[in-house]
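Undergrad: Sharing input37.txt (compact mmCIF, C-alpha atoms) below.
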# COMPACT_ATOMS: atom_id res chain seq x y z
CA GLN A 1 0.00 0.00 0.00
CA VAL A 2 1.56 3.29 -1.12
CA GLN A 3 0.97 6.04 1.38
CA ALA A 4 0.60 9.73 0.77
CA VAL A 5 3.46 12.05 1.75
CA GLU A 6 2.89 15.47 3.28
CA SER A 7 5.28 18.42 3.29
CA GLY A 8 5.34 22.16 3.90
CA GLY A 9 4.71 22.41 7.61
CA GLY A 10 6.64 24.74 9.88
CA LEU A 11 6.60 27.34 12.62
CA VAL A 12 4.90 30.63 11.77
CA GLN A 13 3.34 33.57 13.53
CA ALA A 14 -0.35 34.31 13.75
CA GLY A 15 -1.55 35.92 10.54
CA ASP A 16 1.08 34.24 8.38
CA SER A 17 0.51 31.77 5.56
CA LEU A 18 1.72 28.26 4.80
CA ARG A 19 1.22 25.95 1.86
CA LEU A 20 1.06 22.23 2.49
CA SER A 21 1.54 19.66 -0.22
CA CYS A 22 0.45 16.04 -0.44
CA THR A 23 1.90 13.71 -3.03
CA ALA A 24 1.30 10.09 -3.86
CA SER A 25 1.49 7.77 -6.80
CA GLU A 26 -0.82 8.27 -9.74
CA ARG A 27 -2.48 5.00 -8.87
CA THR A 28 -3.16 6.10 -5.30
CA PHE A 29 -4.51 9.53 -6.16
CA GLY A 30 -6.58 8.05 -8.92
CA LEU A 31 -8.60 6.16 -6.33
CA GLY A 32 -10.72 9.11 -5.32
CA ALA A 33 -11.09 12.26 -3.26
CA VAL A 34 -8.23 13.57 -1.15
CA GLY A 35 -8.69 15.07 2.26
CA TRP A 36 -6.63 17.00 4.78
CA PHE A 37 -7.10 16.31 8.45
CA ARG A 38 -5.39 17.67 11.53
CA GLN A 39 -4.76 16.43 15.02
CA ALA A 40 -3.75 18.55 17.99
CA PRO A 41 -2.26 16.94 21.12
CA GLY A 42 -4.93 15.14 23.09
CA LYS A 43 -7.60 15.73 20.47
CA GLU A 44 -9.30 13.77 17.74
CA ARG A 45 -8.12 13.81 14.13
CA ASP A 46 -10.53 16.23 12.47
CA PHE A 47 -11.46 16.94 8.89
CA VAL A 48 -10.04 20.20 7.53
CA ALA A 49 -10.63 20.21 3.78
CA GLY A 50 -11.21 17.81 0.92
CA ILE A 51 -11.36 17.80 -2.85
CA SER A 52 -13.00 15.42 -5.28
CA TRP A 53 -11.01 13.47 -7.85
CA SER A 54 -11.92 15.93 -10.61
CA GLY A 55 -11.38 18.95 -8.40
CA ASP A 56 -14.91 20.18 -9.08
CA ASP A 57 -16.13 19.63 -5.54
CA THR A 58 -14.52 20.84 -2.34
CA ALA A 59 -15.44 20.80 1.33
CA TYR A 60 -14.10 22.70 4.32
CA ALA A 61 -14.48 22.64 8.06
CA ASP A 62 -16.29 25.72 9.32
CA SER A 63 -13.22 26.75 11.30
CA VAL A 64 -11.12 27.19 8.15
CA LYS A 65 -13.64 28.45 5.60
CA GLY A 66 -12.44 31.62 3.95
CA ARG A 67 -8.86 31.09 5.13
CA PHE A 68 -7.82 27.73 3.64
CA THR A 69 -8.00 26.67 0.02
CA ILE A 70 -7.52 23.14 -1.27
CA SER A 71 -6.51 22.36 -4.84
CA ARG A 72 -5.19 19.42 -6.80
CA ASP A 73 -3.07 18.86 -9.86
CA ASN A 74 -3.63 15.31 -11.06
CA ALA A 75 -0.91 15.66 -13.69
CA LYS A 76 1.59 16.16 -10.85
CA ASN A 77 -0.17 13.85 -8.40
CA THR A 78 -0.28 16.67 -5.88
CA VAL A 79 -2.93 18.13 -3.60
CA SER A 80 -2.15 21.44 -1.93
CA LEU A 81 -3.62 23.22 1.05
CA GLN A 82 -3.06 26.97 1.08
CA MET A 83 -3.49 28.24 4.62
CA ASN A 84 -3.83 31.99 5.14
CA SER A 85 -4.47 34.09 8.23
CA LEU A 86 -3.22 31.31 10.45
CA LYS A 87 -4.27 31.26 14.08
CA PRO A 88 -2.70 29.58 17.12
CA GLU A 89 -5.64 27.17 17.18
CA ASP A 90 -4.55 25.89 13.76
CA THR A 91 -1.54 24.31 15.45
CA ALA A 92 -1.61 20.57 14.81
CA VAL A 93 -0.13 17.75 12.82
CA TYR A 94 -1.69 17.83 9.37
CA TYR A 95 -2.35 14.62 7.47
CA CYS A 96 -3.58 13.89 4.00
CA ALA A 97 -5.39 10.76 2.94
CA VAL A 98 -7.32 9.29 0.02
CA ALA A 99 -10.99 8.38 0.04
CA THR A 100 -11.14 5.36 -2.18
CA TYR A 101 -14.30 4.93 -4.23
CA TYR A 102 -15.28 8.58 -3.68
CA ARG A 103 -14.59 10.26 -6.99
CA SER A 104 -17.31 12.89 -7.38
CA THR A 105 -18.03 13.66 -3.73
CA VAL A 106 -15.95 14.60 -0.72
CA PRO A 107 -16.52 12.62 2.48
CA THR A 108 -15.70 14.34 5.75
CA SER A 109 -15.41 11.31 8.02
CA ARG A 110 -11.91 9.95 8.51
CA ASN A 111 -13.42 6.46 8.38
CA ASN A 112 -13.81 6.89 4.63
CA TYR A 113 -10.10 7.58 4.11
CA GLY A 114 -7.01 5.45 3.78
CA TYR A 115 -3.41 5.69 2.56
CA TRP A 116 -2.64 8.11 5.38
CA GLY A 117 0.65 9.96 5.33
CA GLN A 118 2.95 10.47 8.32
CA GLY A 119 1.83 14.05 8.79
CA THR A 120 3.54 17.44 8.86
CA GLN A 121 3.66 19.69 11.92
CA VAL A 122 2.17 23.17 11.74
CA THR A 123 2.82 25.45 14.69
CA VAL A 124 1.34 28.94 14.87
CA SER A 125 2.66 31.22 17.59
CA SER A 126 0.65 34.11 18.95
Translate the structure of the given file into structure tokens.
TA:
Amino acid sequence: QVQAVESGGGLVQAGDSLRLSCTASERTFGLGAVGWFRQAPGKERDFVAGISWSGDDTAYADSVKGRFTISRDNAKNTVSLQMNSLKPEDTAVYYCAVATYYRSTVPTSRNNYGYWGQGTQVTVSS
């Protein structure tokens, strides 16, 4: 099973921006929608944003709407998460994963996702 690989995390100040990237094999990304999740210490892994296989459909958690933008480039097997106006509460490990069999819709439950990456740490200081 080929996992996704995340990159782009780091330490920033509140109000700054970061761009996360998720890459995987063409075969893996071709399986369906791709989602970003995040997990803060002691908390559940929560849905952040997702994008359908075609890129026509996206979904966002209420807490990031208007600040985060997800996009995908299937030719490069990459899904990106542009994060603007970062807040300290955005601090978490960010993971990407693939929702197999979901090509035209974007599930928000982590139970629908597999091929999880190892995560990338995002820390936002106040």
Undergrad: Would you list the residues near (-5.1, 22.2, 0.1), meaning any protein, DNA or RNA residue with an atom at most 9 Å from that point in file coordinates, counting only C-alpha atoms, as a list of chain:residue names?
TA: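 Output of the proximity query reads A:Arg19, A:Leu20, A:Ser21, A:Cys22, A:Gly35, A:Trp36, A:Ala49, A:Gly50, A:Ile51, A:Phe68, A:Thr69, A:Ile70, A:Ser71, A:Arg72, A:Val79, A:Ser80, A:Leu81, A:Gln82, A:Met83.
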Undergrad: Looking at A:Arg67, A:Phe37, A:Tyr60, A:Val106, which one is nearest to Ser85 (chain A), with distances taken over all atoms listed in the file?
TA: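 Using all atoms listed in the file, the shortest distance to Ser85 (chain A) belongs to A:Arg67.
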Undergrad: Give me, as a VMD selection string, all polymer residues having an atom no more than 6 Å from Pro88 (chain A), counting all atoms listed in the file and skipping those fewer than 3 positions away in the same chain.
TA: chain A and resid 91 124 to 126
Undergrad: Take CA of Val12 (chain A) and CA of Lys76 (chain A) and report the distance between them in Å, one decimal.
TA: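 Computed distance, CA of Val12 (chain A) to CA of Lys76 (chain A), equals 27.1 Å.
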Undergrad: What is the distance between CA of Tyr113 (chain A) and CA of Lys87 (chain A), in Å to one decimal?
TA: 26.3 Å
Undergrad: Please identify all polymer residues within 8 Å of Ala24 (chain A), counting only C-alpha atoms, omitting same-chain residues fewer than 2 positions from it, and present them as a PDB file with C-alpha atoms, keeping the file's coordinate frame.
TA:
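Generated file (result-v3.pdb):
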ATOM      1  CA  VAL A   2       1.560   3.290  -1.120  1.00  0.00           C
ATOM      2  CA  GLN A   3       0.970   6.040   1.380  1.00  0.00           C
ATOM      3  CA  ALA A   4       0.600   9.730   0.770  1.00  0.00           C
ATOM      4  CA  VAL A   5       3.460  12.050   1.750  1.00  0.00           C
ATOM      5  CA  CYS A  22       0.450  16.040  -0.440  1.00  0.00           C
ATOM      6  CA  GLU A  26      -0.820   8.270  -9.740  1.00  0.00           C
ATOM      7  CA  THR A  28      -3.160   6.100  -5.300  1.00  0.00           C
ATOM      8  CA  PHE A  29      -4.510   9.530  -6.160  1.00  0.00           C
ATOM      9  CA  ASN A  77      -0.170  13.850  -8.400  1.00  0.00           C
ATOM     10  CA  THR A  78      -0.280  16.670  -5.880  1.00  0.00           C
TER      11      THR A  78
END
Undergrad: Have a look at CA of Tyr102 (chain A) and CA of Pro41 (chain A) and let me know their distance in Å, one decimal.
TA: 29.2 Å
Undergrad: From the options A:Gly32, A:Gly55, A:Arg27, A:Val64, which residue's atoms come nearest to Asn112 (chain A), counting only C-alpha atoms?
TA: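 Answer, going by the shortest atom-to-atom distance: A:Gly32.
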